[in-house]
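A.B. asks: Here you go, data29.csv (CSV, C-alpha atoms):
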```csv
chain,number,residue,atom,x,y,z
J,203,MET,CA,-38.7,130.8,37.6
J,204,THR,CA,-42.1,131.8,39.2
J,205,ASP,CA,-40.7,134.3,41.6
J,206,ASN,CA,-38.5,135.8,39.0
J,207,PHE,CA,-41.4,136.0,36.6
J,208,GLN,CA,-43.7,137.6,39.3
J,209,ASN,CA,-41.0,140.3,39.9
J,210,LEU,CA,-40.6,141.0,36.2
J,211,LEU,CA,-44.3,141.3,35.6
J,212,GLY,CA,-44.7,143.4,38.7
J,213,GLU,CA,-42.3,145.9,37.2
J,214,PHE,CA,-44.1,145.6,33.8
J,215,ALA,CA,-47.5,146.3,35.4
J,216,LYS,CA,-46.0,149.6,36.7
J,217,LYS,CA,-45.3,150.6,33.1
J,218,ILE,CA,-48.5,149.2,31.7
J,219,PRO,CA,-51.3,149.7,34.3
J,220,GLU,CA,-53.9,148.3,31.9
J,221,LEU,CA,-52.3,144.8,32.3
J,222,LEU,CA,-54.9,142.2,33.2
J,223,ALA,CA,-52.9,139.0,33.0
J,224,ALA,CA,-49.7,137.5,31.7
J,225,ALA,CA,-48.2,134.0,31.4
J,226,VAL,CA,-45.4,131.9,30.0
J,227,VAL,CA,-47.0,128.9,28.2
J,228,SER,CA,-45.8,125.6,26.7
J,229,VAL,CA,-46.4,125.6,23.0
J,230,GLU,CA,-46.9,121.9,22.8
J,231,ASP,CA,-49.7,121.5,25.3
J,232,GLY,CA,-50.8,125.0,26.3
J,233,LEU,CA,-50.0,124.5,30.0
J,234,VAL,CA,-49.1,127.5,32.0
J,235,MET,CA,-45.5,127.5,33.3
J,236,ALA,CA,-45.9,130.8,35.2
J,237,ASP,CA,-48.6,133.4,35.4
J,238,PHE,CA,-49.4,136.8,36.8
J,239,LYS,CA,-52.5,138.8,37.5
J,240,PRO,CA,-51.9,142.3,39.0
J,241,HIS,CA,-55.6,143.0,39.6
J,242,THR,CA,-58.5,141.0,41.0
J,243,THR,CA,-60.0,139.8,37.7
J,244,ASP,CA,-62.0,136.9,36.6
J,245,VAL,CA,-59.6,136.0,33.8
J,246,ASN,CA,-59.0,132.3,33.6
J,247,VAL,CA,-55.3,132.3,32.6
J,248,GLY,CA,-55.3,128.6,32.0
J,249,ALA,CA,-58.2,128.8,29.5
J,250,VAL,CA,-56.7,131.8,27.7
J,251,ALA,CA,-53.3,130.1,27.6
J,252,ALA,CA,-54.8,126.9,26.0
J,253,TYR,CA,-56.6,129.0,23.4
J,254,LEU,CA,-53.5,131.1,22.5
J,255,ALA,CA,-51.4,127.9,22.3
J,256,CYS,CA,-53.6,126.8,19.4
J,257,ILE,CA,-53.0,130.1,17.7
J,258,VAL,CA,-49.2,129.8,18.2
J,259,GLN,CA,-49.3,126.2,17.0
J,260,SER,CA,-51.2,127.3,13.8
J,261,ASP,CA,-48.7,130.1,13.2
J,262,ILE,CA,-45.8,127.6,13.4
J,263,LYS,CA,-47.5,125.2,11.0
J,264,ALA,CA,-48.4,128.0,8.6
J,265,SER,CA,-44.8,129.3,8.6
J,266,THR,CA,-43.5,125.9,7.8
J,267,LEU,CA,-46.1,125.0,5.2
J,268,PHE,CA,-45.8,128.3,3.3
J,269,GLU,CA,-42.0,128.4,3.7
J,270,TRP,CA,-42.1,132.0,4.8
J,271,ASP,CA,-38.7,133.7,4.9
J,272,GLN,CA,-40.2,136.1,7.5
J,273,VAL,CA,-40.1,135.7,11.3
J,274,VAL,CA,-43.2,136.5,13.2
J,275,GLU,CA,-42.3,139.1,15.9
J,276,ASP,CA,-45.6,139.0,17.7
J,277,ILE,CA,-49.3,138.2,17.3
J,278,LEU,CA,-51.9,140.7,18.3
J,279,ILE,CA,-55.5,139.7,19.0
J,280,THR,CA,-58.0,142.4,19.6
J,281,THR,CA,-61.5,141.9,21.1
J,282,ASP,CA,-64.2,144.4,22.1
J,283,ALA,CA,-62.8,144.3,25.6
J,284,SER,CA,-59.1,143.3,25.5
J,285,TYR,CA,-55.9,143.1,23.7
J,286,PHE,CA,-53.7,139.9,23.7
J,287,PHE,CA,-50.0,140.3,22.8
J,288,ILE,CA,-48.2,137.0,22.1
J,289,GLN,CA,-44.5,136.6,21.5
J,290,ARG,CA,-42.6,133.3,21.0
J,291,PRO,CA,-38.8,133.5,21.4
J,292,PRO,CA,-37.0,131.7,18.5
J,293,ASN,CA,-36.1,128.1,19.1
J,294,ARG,CA,-37.9,127.9,22.4
J,295,PRO,CA,-40.7,125.5,23.4
J,296,TYR,CA,-42.8,128.2,25.0
J,297,PHE,CA,-44.4,131.6,24.3
J,298,TYR,CA,-45.5,134.4,26.6
J,299,PHE,CA,-48.5,136.7,26.4
J,300,VAL,CA,-49.9,139.7,28.1
J,301,MET,CA,-53.5,140.7,28.2
J,302,THR,CA,-54.6,144.3,28.6
J,303,ASN,CA,-57.8,146.2,28.6
J,304,ARG,CA,-58.7,148.3,25.6
J,305,ASN,CA,-57.3,151.5,27.2
J,306,ALA,CA,-53.7,150.3,26.6
J,307,TRP,CA,-51.7,151.9,23.9
J,308,ILE,CA,-50.7,149.1,21.5
J,309,GLY,CA,-47.3,150.7,20.6
J,310,ARG,CA,-46.3,151.3,24.2
J,311,VAL,CA,-47.2,147.7,25.2
J,312,ARG,CA,-45.2,146.3,22.3
J,313,VAL,CA,-42.1,148.4,23.2
J,314,ALA,CA,-42.4,147.4,26.9
J,315,LEU,CA,-42.9,143.8,26.0
J,316,LYS,CA,-39.9,143.7,23.7
J,317,GLU,CA,-37.8,145.0,26.6
J,318,LEU,CA,-39.3,142.4,28.9
J,319,GLY,CA,-38.9,139.5,26.5
J,320,THR,CA,-35.2,139.1,27.0
J,321,GLN,CA,-35.7,139.1,30.7
J,322,ILE,CA,-38.5,136.5,30.5
J,323,VAL,CA,-36.3,134.2,28.4
J,324,TRP,CA,-33.5,134.6,30.9
J,325,ALA,CA,-35.9,133.8,33.8
J,326,VAL,CA,-37.3,130.7,32.1
J,327,ASP,CA,-34.0,129.4,30.7
J,328,GLY,CA,-31.9,130.4,33.7
J,329,LYS,CA,-29.3,132.2,31.7
J,330,PRO,CA,-29.0,135.3,29.5
J,331,THR,CA,-29.9,135.0,25.9
```
Spit out the file's structure as structure tokens when you get a sec.
C.D. replies:
Amino acid sequence: MTDNFQNLLGEFAKKIPELLAAAVVSVEDGLVMADFKPHTTDVNVGAVAAYLACIVQSDIKASTLFEWDQVVEDILITTDASYFFIQRPPNRPYFYFVMTNRNAWIGRVRVALKELGTQIVWAVDGKPT
């Protein structure tokens, strides 16, 4: 999966030059299954993944607790320096995220990530969705 993921994210980075990091992460424990950093950055992908796993776990618990009939398509976190786009494929034990700098256009990243999402699931699961 790692080589496939690296190739997919290499293509994604060509569309989104503001990309700082990306990873596929286990929801249960926040461990990184595959990661990608196109630039030399000081981003600690493991630490980011663990933090975002807590957010995804909270989202899952809240959705169950409140019995929402809505499906969360993505989670967007903004900071003064970065954007974090998180998506969790339905019925999968993992999520993926991309981190960009603040120069990224949110709509363009979401569209590109939606296109990439199916390919990520295919790379992780080893079959088309």
A.B. asks: Taking (-48.6, 129.6, 37.4) in the file's coordinates, which residues come within 12 Å, counting all atoms listed in the file, written as a list in words?
C.D. replies: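 Every residue inside that radius is included here: Met203, Thr204, Asp205, Asn206, Phe207, Gln208, Ala223, Ala224, Ala225, Val226, Val227, Ser228, Leu233, Val234, Met235, Ala236, Asp237, Phe238, Lys239, Asn246, Val247, Gly248 and Ala251 of chain J.
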A.B. asks: Any idea what the distance is between atom CA of J:Val323 and atom CA of J:Glu269?
C.D. replies: 26.0 Å
A.B. asks: With only C-alpha atoms as the atoms that count, which of J:Pro240, J:Pro291, J:Gly232, J:Gly309 lies nearest to J:Trp324?
C.D. replies: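 Among J:Pro240, J:Pro291, J:Gly232, J:Gly309, it is J:Pro291 that comes nearest to J:Trp324.
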A.B. asks: Pull the neighbourhood of (-51.7, 151.6, 37.1) for me: all residues within 12 Å in file coordinates, counting all atoms listed in the file, as a count of residues only.
C.D. replies: 17
A.B. asks: Fewer than 3 positions away in the same chain doesn't count, so skip those; otherwise give me all residues within 9 Å of J:Asp276, counting only C-alpha atoms, as a list in words.
C.D. replies: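 Listed by chain and then number, they are Phe287, Ile288, Gln289, Arg290 and Arg312 of chain J.
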A.B. asks: Can you work out the spacing between atom CA of J:Gly328 and atom CA of J:Ile257 in Å, to one decimal?
C.D. replies: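 Going from atom CA of J:Gly328 over to atom CA of J:Ile257 covers 26.5 Å.
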A.B. asks: Point out the residue among J:Asn293, J:Tyr253, J:Val258, J:Ala283 with the least atom-to-atom distance to J:Asp327, counting all atoms listed in the file.
C.D. replies: J:Asn293
A.B. asks: Find the residue from J:Lys263, J:Arg304, J:Thr320, J:Phe299 that sits nearest to J:Asp282; use all atoms listed in the file when measuring.
C.D. replies: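 Of J:Lys263, J:Arg304, J:Thr320, J:Phe299, the one nearest J:Asp282, counting all atoms listed in the file, is J:Arg304.
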A.B. asks: Could you jot down the atom CA of J:Ala314 to atom CA of J:Tyr296 separation for me, Å, one decimal place?
C.D. replies: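 Taking atom CA of J:Ala314 and atom CA of J:Tyr296, their separation equals 19.3 Å.
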A.B. asks: Which of these, J:Leu210, J:Thr243, J:Leu278, J:Asp231, has the shortest distance to J:Val326 once you count all atoms listed in the file?
C.D. replies: J:Leu210
A.B. asks: Between J:Gln259, J:Ala325, J:Leu211, J:Gln272, single out the one closest to J:Met301, counting all atoms listed in the file.
C.D. replies: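 The closest residue to J:Met301 is J:Leu211.
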A.B. asks: So, with all atoms listed in the file as the atoms that count, which of J:Val229, J:Leu254, J:Leu318, J:Val245 lies closest to J:Ile279?
C.D. replies: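 Checking each candidate against J:Ile279, we get J:Leu254 as the closest.
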